[in-house]
Structures are given as structure tokens and as C-alpha cells.
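Engineer: My structure is below; once you've seen it, I'll send some questions.
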Amino acid sequence: MMLVYRPSGLSTRRLLLSFLFVAAWDAGSGQVHYSVPEEAKHGTFVGRIAQDLGLELAELVPRLFRIASKGRGDFLEVNLQNGILFVNSRIDREELCGRSAECSIHLEVIVEQPLQVFHVEVEVKDINDNRPVFSTSEQKLSILESQPLDSRFPLEGASDPDIGENAMLTYGLSSNEFFTLDIINKKDKGKLPVLVLSKLLDREENPQLRLLLTATDGGKPELTGSVTLVILVLDANDNAPVFDQTVYEVKMYENSANQTLVIWLNASDADEGINKEVIYSFSSLVPPTIRRKFLINERTGEVRINDAIDFEDSNTYEIHVDVTDKGNLPMVGHCTILVEILDENDNSPEVVVTSLALPVREDAQVGTVISLISVSDRDSGANGQVTCSLTPESPFKLVPTFKNYYSLVLDGVLDRESEANYEVVVTARDGGSPSLLATASVSVEVADVNDNAPAFAQPEYTVFVKENNPPGCHVFTVSARDADAQENALVSYSLVERRVGERALSSYVSVHAESGKVYALQPLDHEELELLQFQVSARDAGVPPLGSNVTLQLFVLDENDNAPALLPPGPGGGPSALSQVVSRSVDAGHVVAKVRAVDADSGYNAWLSYELQLAAGGARSPFRVGLYTGEISTTRALDEADAPRQRLLVLVKDHGEPALMATATVLLSLEDSGQAPKTSSRALSGAAGAEKALVDVNVYLIIAICAVSSLLVLTLLLYTALRCSAPPTEGACGPVKPRLVCSSAVGSWSYSQQKQQRVCSGEGPPKTDLIAFSPSLPPCPQPEMEVEEQSIGGDHSIKVGYCFFIVMLCCVNILFYPVFPSQIYFLQYLYLLSKELIFL
């Protein structure tokens with residue numbers, strides 16, 4: 001696309017601007033190239049940047065389309081409505097890039113959601129907008145009238161800020177009969193005009209000549225500049241001093257020390273005497289900047305450095321030197337010194353970091369662009385070639401995008417809980433020898449994502465609470481830790497609702513949402529609820545929220561809150577006084593009655609003892625009661641002195657603290673054996689039959705107990721033999737089981753295993769006698785330890801034997817169940833053995 005406009009001029013309207021727009025994708029770097037002429041007007045079309053980058057016009061605003069130019073101002077702008085890149089302000093190529101052959105504006109196009117970075121390069125084309133300029137409007141030359149033909153007089157050339165053809169100058173001299181113009185090509189450093197004498201001068205005829213030197217550039221249209229040459233014709237001197245060379249070329253490194261010799265000039269004069277002596281000096285053509293950096297010894301012709309020489313400021317210097325003799329009419333010789341400055345690696349690279357997406361989410365995808373990094377080095381050649389590296393080891397990498405531009409991108413998986421902040425260092429190193437480097441730190445903060453659920457220290461907790469607790473009492477505190485941060489780590493607690501029987505779990509317990517404290521909402525009753533197992537949920541405040549559960553086993557410990565209850569004396573009877581007829585002929589130790597009672601509590605609180613209350617007046621009773629059986633038996637043979645009506649008070653107490661009790665009244669009628677009422681003969685015959693049957697039962701029971709005891713002894717012997725013969729195992733490590741020892745006035749026992757023992761009696765429902773727990777512990781690091789559980793027997797083998805013994809007795813009970821008309825004695829014996837096992 002060609003854009004041309006013609007502004008008005010002094011004489012004619014000429015072509016001012018013409019450029020060809022070219023846009024092409026660079027397949028290797030993804031870069032778009034445009035070109036625009038300098039001095040283009042505001043709004044000049046540059047390119048359809050949105051279309052060339054493959055972006056839809058509708059997504060420019062939502063994706064925050066923007067451009068950034070490193071240190072280049074706001075020369076260009078994008079119309080977000082049509083996606084066109086246009087000129088926003090005046091672009092002066094000479095001001096922007098100086099004499100550089102290439103001049104471009106590098107743009108970084110940034111869009112988000114997702115983040116993309118494009119590189120656009122806009123080349124600024126030079127137009128012929130600068131005319132050649134001479135440093136002065138008038139140059140003066142003093143030339144002897146005796147100057148020979150073909151004498152040469154260097155002139156100061158013009159300069160043109162443009163480049164290329166627009167800066168290629170040609171010179172022209174106004175028409176005259178004495179001088180012609182010669183041009184010296186200074187390789188690639190331009191042209192030097194030289195005035196050549198073509199006709200001898202005569203001061204008497206022409207003491208002064210005025211000529212016009214014109215410089216014309218190669219632009220279209222051509223621009224010109226001119227200077228007036230004032231030639232003063234001098235009278236005197238035959239020979240002017242002459243240098244060995246007209247042009248001297250010198251190469252030297254930058255940063256050379258002051259007083260370093262640049263060149264030693266040598267000029268000769270064919271005259272003799274004072275006319276042969278010469279003085280060296282800088283020409284009037286030498287600008288003040290060069291005079292400050294160099295000095296010349298007027299006697300010896302030595303040119304030395306007088307100030308810092310920096311390649312980056314200027315890489316060439318052109319020094320014009322005059323040599324003048326000391327004659328009355330001094331004559332002058334001329335030469336030019338071309339000093340080329342060689343680059344040294346004296347500039348460290350520069351690193352500029354532009355952060356785009358900070359902080360970075362820990363779930364960011366690999367390849368996410370974190371920052372843009374640009375590097376530069378003012379040196380040239382290998383000294384200006386920069387390479388970048390990233391330290392220390394991190395989940396990021398540098399990806400080159402265009403020339404000295406890099407992107408810091410994500411190269412691995414982030415985990416804020418492992419590393420919340422990364423400090424990476426970008427190191428830029430040039431190719432000089434020795435190389436110089438520069439560093440820039442990039443702090444990458446990792447933003448939290450809710451990827452961790454709250455975690456409890458244990459999957460299960462065991463809690464003991466005494467029954468009859470006050471409503472709202474604190475029983476336990478659960479605590480969960482969330483490894484996330486901020487709202488993702490705010491944990492709230494709640495019950496996992498379920499039904500407990502006919503009631504909801506929330507009617508028994510509650511949990512505080514913030515503190516995790518668990519409260520019992522009502523008094524708990526061990527007899528109603530021994531174990532309440534429920535779950536507490538911990539949930540964070542993230543989006544989406546994550547949670548976990550913990551199980552609580554709430555054991556309700558028994559308290560002595562139930563007094564012993566007397567059982568009725570007969571089937572279907574109420575809790576009335578026990579009446580019994582006793583023959584006076586019974587012997588000592590004869591069981592005449594039995595008091596039966598139960599306790600709704602457990603353990604010691606349900607262990608009942610019976611005590612006969614003394615009669616009024618302290619009279620000795622011929623009866624006694626079994627401490628734990630409740631059987632009332634005679635202490636001696638009954639005689640006539642004993643009252644025919646005996647009223648006994650039996651005190652039934654449990655072993656709780658404090659102990660609760662109940663009182664049973666037993667009415668005994670003493671009758672002679674021959675005076676027994678006829679109405680009870682059937683009952684007596686039945687009792688005799690029952691007593692006979694009981695004798696038979698006792699025989700069977702003794703046989704069974706002997707058999708089971710024999711098996712018990714054999715088991716213990718076998719266990720002991722195996723244990724003694726087994727070699728000790730070294731280095732093994734087993735879990736040490738903690739013991740909770742409970743004591744009372746009648747003995748002690750240990751909680752040894754996680755199980756629940758129930759003891760059954762013939763008169764009442766099963767009772768929970770002991771609940772014990774053994775937590776799971778990790779293997780210990782110390783050497784093997786054998787833990788002996790203290791008990792009445794003192795050895796684990798005895799406990800195993802007792803367990804086996806109880807199991808065998810239960811088997812006997814099942815086998816002989818049809819034989820026993822009443823199991824009261826057997827079950828009472830089994831109950832006592834169970835108590836002994838509990839003590840272990």
C-alpha cells in the first residue's frame with residue numbers, strides 16, 4: 001500500500017513522503033514487521049496489527065490488548081475498534097537513531113486470558129528532510145601568491161543527518177579561473193572537498209577572492225547547502241611545509257590513558273633558516289570537542305590523548321592539522337588524521353525485567369509466561385553479544401523470543417505448601433574476554449489454590465465421659481490443620497448427622513463450628529447408652545471447599561447412680577417380704593432361703609454384697625447370709641429356745657463410691673418336723689425331690705469342673721514348655737500396650753485389650769462389667785521389651801488359662817443345661833470366676 005502526500009513549498013509542491021508498507025510473519029520468532037516513514041502525520045496508517053496477529057477485533061478490549069515500547073515513547077498507537085496500528089506522534093529518525101543505518105521501534109503486544117506476548121518491529125524509513133549543513137557560513141584561506149600550481153587546500157565538508165542516498169553528498173564550486181574542486185573519498189567515511197590551484201595568483205591584481213562551495217545530497221528531491229570561501233592572497237614565502245602523507249590513519253583502543261601517543265607527525269620545509277622552522281597546530285576546522293580530547297605538541301608534532309576516549313560515544317575522529325613555517329609571510333601545510341577507535345569490553349550488559357503475571361497460581365499450566373526480560377550491551381561485536389541464564393534450580397526457564405528478549409515461563413509444577421516464594425536470578429553475560437555480567441532478581445510469589453483438605457492428627461479418637469454429666473459440658477476438642485493459606489485454610493467443624501436409635505445425633509452432642517469443641521447437650525446415661533460413635537466433619541472455606549472426617553468413640557463411664565433392686569421371691573410375685581418355713585431339725589450350714597438382687601450399674605458399682613443386720617438388742621441370730629451369694633443358712637442346729645418367728649433384715653450393698661444399698665426382709669417360720677402343715681407336704685416332698693436332684697446335679701458339676709480343670713493344667717504346662725523352648729528373638733520391637741489400673745477395696749485389674757466383657761447372671765439381664773482399650777501405637781525404636789501385665793495371677797499364661805477355663809465352663813453350661821433344674825449356683829460360681837479374670 002503506497003501513501004503519498006505533497007505539502008506546499010517555496011517554489012513548487014514536491015513529493016514529500018512515499019513509502020511502501022510491508023508486513024510479513026517471521027516463522028521462527030512469531031514477529032510482525034512494518035515500516036513507516038519518518039515525519040509521518042498523526043493518524044498515518046501503519047498496519048492491521050490485530051488481523052496480522054490472528055486476533056479478533058471483538059476480543060481486543062476483553063483481553064486487555066496493549067502495546068509497550070522500550071524507551072521509545074508513544075510514537076505508535078492501536079485503534080481498538082478496528083485493530084489498526086497508526087502514528088500517534090511525530091517520529092524523527094535522526095533524533096531516534098542518529099546516524100545508525102538501521103532504525104526500528106520494537107513493540108511488545110500483550111494480551112491476557114490467556115496471556116500472550118507478540119513482538120512487532122516497525123522500521124522507520126528515512127526521508128530526505130535534512131539539507132547538507134556546513135559548520136560555518138564562511139571559510140577563510142590564506143594562500144601565497146607564489147603558491148605553485150596544483151597546490152591543494154583541504155576544505156571543511158558539509159554534514160547531512162540523513163542516511164543512505166539522502167546523505168551522499170556531491171560538491172560544486174562556483175565558476176572562477178583560479179581554482180578547481182577535487183574530491184577525496186575517505187573510504188566509507190564520506191568525501192572531503194579539496195581546493196586545487198589551477199592558475200597562479202597575483203596579489204596585486206586579486207588580493208581577495210570569494211567563491212561559493214555548494215553541497216548537494218542524493219535525496220529526491222535534492223537538498224543543498226553552501227558556504228562562502230574567502231581566499232586571502234598573501235605575499236612572501238617560496239615553499240610551504242609539506243607532510244609525509246596527506247591523510248594518516250590510526251587505530252587505537254578506547255579507554256586509553258591520558259597522554260597516550262596517537263601519532264608523531266613529521267613535516268619538512270624546503271626553505272632554510274627561520275623559514276624552515278615549523279609550528280604544528282590544529283586547523284580551524286577542528287571542532288572544540290576534538291580539541292578537548294586531543295592535544296598537539298606545536299614543536300614536535302606529537303598528538304596525544306587528553307581526555308577519555310569512549311567507543312560508545314564516537315568510534316572515529318577526523319583531525320585536521322596545519323603546519324606553519326616561521327617566515328615573514330608564513331606558509332602552511334595541511335594533513336588529516338583519521339583515528340579509528342577499537343571497542344573494548346568495558347560495558348556490562350543491562351537487564352530489564354517486566355513482570356506480567358504475579359503472583360502465579362500454584363495450579364498454573366506449564367508454559368505460563370511470568371515475566372518479560374530484555375537485555376542489552378552498549379559494546380559491539382562479540383563484546384555486545386549477550387547470553388542469559390537462570391539460577392538457582394527452580395520450576396522456571398528462560399525462553400528466547402526475539403533478539404535480546406526472553407520470557408520467563410513456568411517449566412514445572414508449583415506447590416505453594418512446599419515453596420511459597422521463589423527468588424530467581426537472571427544472569428546476562430556478554431561474549432567479551434574477560435566477559436562481563438549483570439544480574440536481576442525476579443521474585444515469584446505463588447498464590448494459593450485450595451488443593452489441600454483439612455487433616456486430623458488421628459483418624460479416630462476415644463473419649464471417656466462420666467454419665468450424668470451436666471448439659472452443655474465440654475467433652476473433647478477436635479482440631480484439623482489445613483496446609484493452604486488464608487480463606488483456604490479457615491476450617492469449620494460440623495457433625496455428620498445420623499440417627500441414634502429413634503433420635504438424631506444432634507440431640508446428644510454438638511460441635512462448635514470454629515473451635516472444634518464437642519459438647520454433650522444432655523446428661524448421658526450409661527445404662528441407656530454405653531457407646532456413642534459419631535463423625536465430625538472439618539471443611540475449609542475454599543472454592544470449591546474440601547473436607548475430611550474424624551471418628552469419635554464416646555464411651556459413657558458408669559457411675560454408681562442405681563441402688564440394688566430386689567428380685568421377687570417367686571415367679572410373677574412382687575417385691576414383697578420373703579417368707580419361708582424352716583424345720584427345726586436342719587443341721588448347721590443348711591440353706592434356708594436366698595435373697596436375690598440386681599444392680600443396673602456396671603463393674604464395681606454392680607457388684608453386690610449381702611450383710612445380715614443385727615437384731616434389736618444385739619441378740620445372736622442362728623442364721624447368716626452369704627457375703628456375695630445372698631444365701632441364708634443356719635449357723636448352728638436349731639433348738640426350742642429359738643423363737644418360732646424369725647424376722648431377718650438383709651442389707652444389700654454395691655461397691656460403688658459412695659455405696660448404695662437396699663434392705664430385704666426375710667420371714668422364717670420354725671416348725672418341728674412332725675408338725676409341718678399338711679398343706680405343705682406336697683411342697684416338702686417337692687423340695688426333697690429338688691434336693692435330691694440338686695445332689696445329682698452337684699455330682700455332674702464336680703465331674704465337669706474336674707475335667708475342665710485338668711484341661712486347664714495341661715494347657716498351662718504345654719504353654720510353659722513351648723515358651724521355655726522358644727529361642728529369644730533379638731531386635732524385634734512390638735507395640736507397648738498401656739495399662740490403666742483400676743483399684744478398689746477388693747482388688748485391682750488392668751485394661752489390657754480392646755473388647756467388651758459381659759457377665760450374665762441367672763436372675764437378670766446381661767451387664768457390662770468392663771470396657772478396656774488398647775490404642776494402636778507405632779513400633780518403638782528401642783530394643784525388644786516384654787511387657788508384663790500385672791494381675792492377681794501375675795503371668796499372661798494364667799490369664800490365657802483363665803480365659804480358656806471360662807470358655808470351657810460356658811460349654812459345660814450349654815451341654816448340661818437340660819440336666820440342671822436351677823443354674824443359680826453354677827452361674828454364681830461362673831460370675832465369681834469372671835470377676836477374678838477382670839482383676840487380671
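Every chain in the C-alpha cells takes a letter, A first, then B, and so on in the order presented; its residues are numbered from 1, and the ligands are numbered from 1 following the presented order.
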Can you check which residues of segment 9-213 of chain A DSSP gives as helix (DSSP H, G or I) on the backbone and send them as a PyMOL selection string?
Structural biologist: chain A and resi 49-52+57-59+93-97+164-167
Engineer: Between segment 474-560 of chain A and segment 423-447 of chain A, at 12 Å or less, what are the per-residue closest atom pairs and their distances in Å? Count only C-alpha atoms, order by chain and rising residue number, and return it as CSV.
Structural biologist:
```
residue,atom,partner,partner_atom,distance
A:Asp484,CA,A:Ala447,CA,10.1
A:Ala485,CA,A:Ala447,CA,9.0
A:Gln486,CA,A:Ala447,CA,10.4
A:Asn488,CA,A:Ala447,CA,11.2
```
Engineer: Quick check for you: according to DSSP on this backbone, which residues of segment 471-526 of chain A are classed as strand (DSSP E or B)? Reply as number ranges by chain.
Structural biologist: A: 473-477, 480-481, 491-495, 499-500, 503-504, 509-511, 517-520
Engineer: Please indicate the distance in Å from atom CA of Leu660 of chain A to atom CA of Ala563 of chain A, rounded to one decimal place.
Structural biologist: 5.0 Å
Engineer: Could you check which of A:Asn258, A:Ser104, A:Ser35, A:Thr665 is closest to Phe86 of chain A, using only C-alpha atoms?
Structural biologist: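 So, comparing all the options, the nearest one is A:Ser35.
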Engineer: Hey, can you check how far atom CA of Ser100 of chain A sits from atom CA of Leu181 of chain A?
Structural biologist: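 It comes out at 29.9 Å.
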Engineer: Report, in Å with one decimal, the straight-line distance from atom CA of Leu115 of chain A to atom CA of Ser389 of chain A.
Structural biologist: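 Pair atom CA of Leu115 of chain A / atom CA of Ser389 of chain A returns 23.0 Å.
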Engineer: Go through A:Leu638, A:Val595, A:Met661, A:Val61 one by one, measure the shortest atom-to-atom distance of each to Asn560 of chain A using only C-alpha atoms, and give the residue with the smallest value.
Structural biologist: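 Result for the nearest residue to Asn560 of chain A: A:Met661.
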Engineer: Write out as a CSV table (one decimal) with all heavy atoms, in the first residue's frame each polymer residue whose atoms come within 12 Å of Ser284 of chain A, counting only C-alpha atoms; drop sequence neighbours fewer than 3 positions from it.
Structural biologist:
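File written: selection-v3.csv
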```
chain,number,residue,atom,x,y,z
A,135,SER,N,29.6,23.8,8.9
A,135,SER,CA,29.7,24.3,10.3
A,135,SER,C,29.8,25.8,10.4
A,135,SER,O,29.3,26.4,11.4
A,135,SER,CB,31.0,23.7,11.0
A,135,SER,OG,32.1,24.2,10.3
A,136,THR,N,30.2,26.5,9.4
A,136,THR,CA,30.3,27.9,9.4
A,136,THR,C,29.7,28.4,8.0
A,136,THR,O,29.7,27.7,7.1
A,136,THR,CB,31.7,28.5,9.5
A,136,THR,OG1,32.5,28.0,8.5
A,136,THR,CG2,32.3,28.0,10.9
A,138,GLU,N,31.1,30.8,6.5
A,138,GLU,CA,32.2,31.4,5.7
A,138,GLU,C,33.5,30.7,6.1
A,138,GLU,O,33.8,30.6,7.3
A,138,GLU,CB,32.3,32.9,6.0
A,138,GLU,CG,33.3,33.6,5.0
A,138,GLU,CD,33.2,35.1,5.3
A,138,GLU,OE1,34.0,35.6,6.2
A,138,GLU,OE2,32.5,35.8,4.6
A,139,GLN,N,34.3,30.3,5.1
A,139,GLN,CA,35.6,29.7,5.4
A,139,GLN,C,36.7,30.6,4.8
A,139,GLN,O,36.6,31.0,3.6
A,139,GLN,CB,35.7,28.3,4.8
A,139,GLN,CG,34.9,27.2,5.4
A,139,GLN,CD,35.1,25.8,4.9
A,139,GLN,OE1,36.2,25.6,4.4
A,139,GLN,NE2,34.1,25.0,4.9
A,140,LYS,N,37.7,30.8,5.6
A,140,LYS,CA,38.8,31.7,5.2
A,140,LYS,C,40.1,30.9,4.9
A,140,LYS,O,40.4,30.1,5.8
A,140,LYS,CB,39.1,32.8,6.2
A,140,LYS,CG,38.0,33.8,6.3
A,140,LYS,CD,38.3,34.9,7.3
A,140,LYS,CE,37.2,36.0,7.4
A,140,LYS,NZ,37.6,37.1,8.3
A,141,LEU,N,40.7,31.2,3.8
A,141,LEU,CA,42.0,30.5,3.5
A,141,LEU,C,43.0,31.6,3.1
A,141,LEU,O,42.7,32.6,2.4
A,141,LEU,CB,41.9,29.6,2.3
A,141,LEU,CG,41.1,28.3,2.5
A,141,LEU,CD1,39.6,28.5,2.4
A,141,LEU,CD2,41.6,27.2,1.5
A,154,PRO,N,42.8,21.7,1.6
A,154,PRO,CA,41.5,20.9,2.1
A,154,PRO,C,40.5,21.9,2.7
A,154,PRO,O,40.8,22.9,3.3
A,154,PRO,CB,42.1,20.0,3.2
A,154,PRO,CG,43.6,20.0,3.0
A,154,PRO,CD,44.0,21.3,2.4
A,155,LEU,N,39.3,21.6,2.4
A,155,LEU,CA,38.2,22.4,2.9
A,155,LEU,C,37.3,21.5,3.8
A,155,LEU,O,37.3,20.3,3.8
A,155,LEU,CB,37.3,22.8,1.7
A,155,LEU,CG,38.0,23.6,0.6
A,155,LEU,CD1,37.0,23.9,-0.6
A,155,LEU,CD2,38.5,25.0,1.2
A,156,GLU,N,36.6,22.2,4.7
A,156,GLU,CA,35.7,21.5,5.6
A,156,GLU,C,34.5,21.1,4.8
A,156,GLU,O,33.8,22.0,4.2
A,156,GLU,CB,35.3,22.4,6.8
A,156,GLU,CG,34.3,21.7,7.7
A,156,GLU,CD,33.8,22.7,8.8
A,156,GLU,OE1,34.1,23.9,8.7
A,156,GLU,OE2,33.1,22.2,9.7
A,281,SER,N,49.8,22.8,14.6
A,281,SER,CA,48.6,23.2,15.3
A,281,SER,C,47.4,22.6,14.6
A,281,SER,O,47.4,22.1,13.5
A,281,SER,CB,48.5,24.8,15.2
A,281,SER,OG,48.3,25.2,13.9
A,287,PRO,N,36.7,20.9,15.5
A,287,PRO,CA,35.7,21.4,16.4
A,287,PRO,C,36.2,21.3,17.9
A,287,PRO,O,37.2,20.6,18.2
A,287,PRO,CB,34.5,20.4,16.2
A,287,PRO,CG,35.1,19.2,15.7
A,287,PRO,CD,36.3,19.6,14.9
A,288,PRO,N,35.6,22.0,18.8
A,288,PRO,CA,36.0,22.1,20.2
A,288,PRO,C,36.0,20.7,20.8
A,288,PRO,O,36.8,20.4,21.7
A,288,PRO,CB,35.1,23.1,20.8
A,288,PRO,CG,34.5,23.9,19.7
A,288,PRO,CD,34.5,23.0,18.5
A,290,ILE,N,36.8,17.8,19.6
A,290,ILE,CA,38.1,17.1,19.3
A,290,ILE,C,39.2,17.8,20.0
A,290,ILE,O,40.2,17.1,20.5
A,290,ILE,CB,38.3,17.0,17.8
A,290,ILE,CG1,37.1,16.2,17.2
A,290,ILE,CG2,39.6,16.4,17.5
A,290,ILE,CD1,37.2,16.0,15.7
A,291,ARG,N,39.2,19.1,20.1
A,291,ARG,CA,40.3,19.8,20.8
A,291,ARG,C,40.4,19.4,22.2
A,291,ARG,O,41.5,19.5,22.8
A,291,ARG,CB,40.1,21.3,20.6
A,291,ARG,CG,40.3,21.8,19.2
A,291,ARG,CD,40.0,23.3,19.1
A,291,ARG,NE,40.1,23.9,17.8
A,291,ARG,CZ,41.2,24.3,17.2
A,291,ARG,NH1,42.3,24.4,18.0
A,291,ARG,NH2,41.3,24.8,16.0
A,319,ILE,N,40.8,14.6,12.4
A,319,ILE,CA,41.6,15.7,13.0
A,319,ILE,C,42.4,16.4,11.8
A,319,ILE,O,43.2,15.7,11.2
A,319,ILE,CB,42.6,15.3,14.1
A,319,ILE,CG1,41.8,14.4,15.2
A,319,ILE,CG2,43.3,16.4,14.7
A,319,ILE,CD1,42.7,13.8,16.2
A,320,HIS,N,42.1,17.6,11.6
A,320,HIS,CA,42.9,18.4,10.6
A,320,HIS,C,44.0,19.2,11.3
A,320,HIS,O,43.8,19.9,12.3
A,320,HIS,CB,42.0,19.4,9.9
A,320,HIS,CG,40.8,18.7,9.2
A,320,HIS,ND1,41.0,18.1,7.9
A,320,HIS,CD2,39.5,18.6,9.5
A,320,HIS,CE1,39.8,17.6,7.5
A,320,HIS,NE2,38.9,17.9,8.5
A,321,VAL,N,45.2,19.0,10.8
A,321,VAL,CA,46.4,19.6,11.4
A,321,VAL,C,47.1,20.5,10.3
A,321,VAL,O,47.2,20.1,9.1
A,321,VAL,CB,47.4,18.5,11.8
A,321,VAL,CG1,48.7,19.1,12.4
A,321,VAL,CG2,46.7,17.6,12.8
A,322,ASP,N,47.5,21.7,10.8
A,322,ASP,CA,48.2,22.7,9.9
A,322,ASP,C,49.7,22.7,10.5
A,322,ASP,O,49.9,22.6,11.7
A,322,ASP,CB,47.6,24.0,10.0
A,322,ASP,CG,46.2,24.1,9.4
A,322,ASP,OD1,45.9,23.2,8.6
A,322,ASP,OD2,45.5,25.0,9.7
A,334,HIS,N,49.1,21.2,5.2
A,334,HIS,CA,47.9,20.6,5.8
A,334,HIS,C,48.0,19.1,5.7
A,334,HIS,O,48.5,18.5,4.7
A,334,HIS,CB,46.6,21.1,5.1
A,334,HIS,CG,46.5,22.6,4.9
A,334,HIS,ND1,46.1,23.4,5.9
A,334,HIS,CD2,46.8,23.4,3.9
A,334,HIS,CE1,46.1,24.6,5.5
A,334,HIS,NE2,46.6,24.7,4.3
```
Engineer: Counting only C-alpha atoms, figure out which residue out of A:Ala504, A:Ile341, A:Leu648, A:Ile279 gets nearest to Leu614 of chain A.
Structural biologist: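 The closest residue to Leu614 of chain A is A:Leu648.
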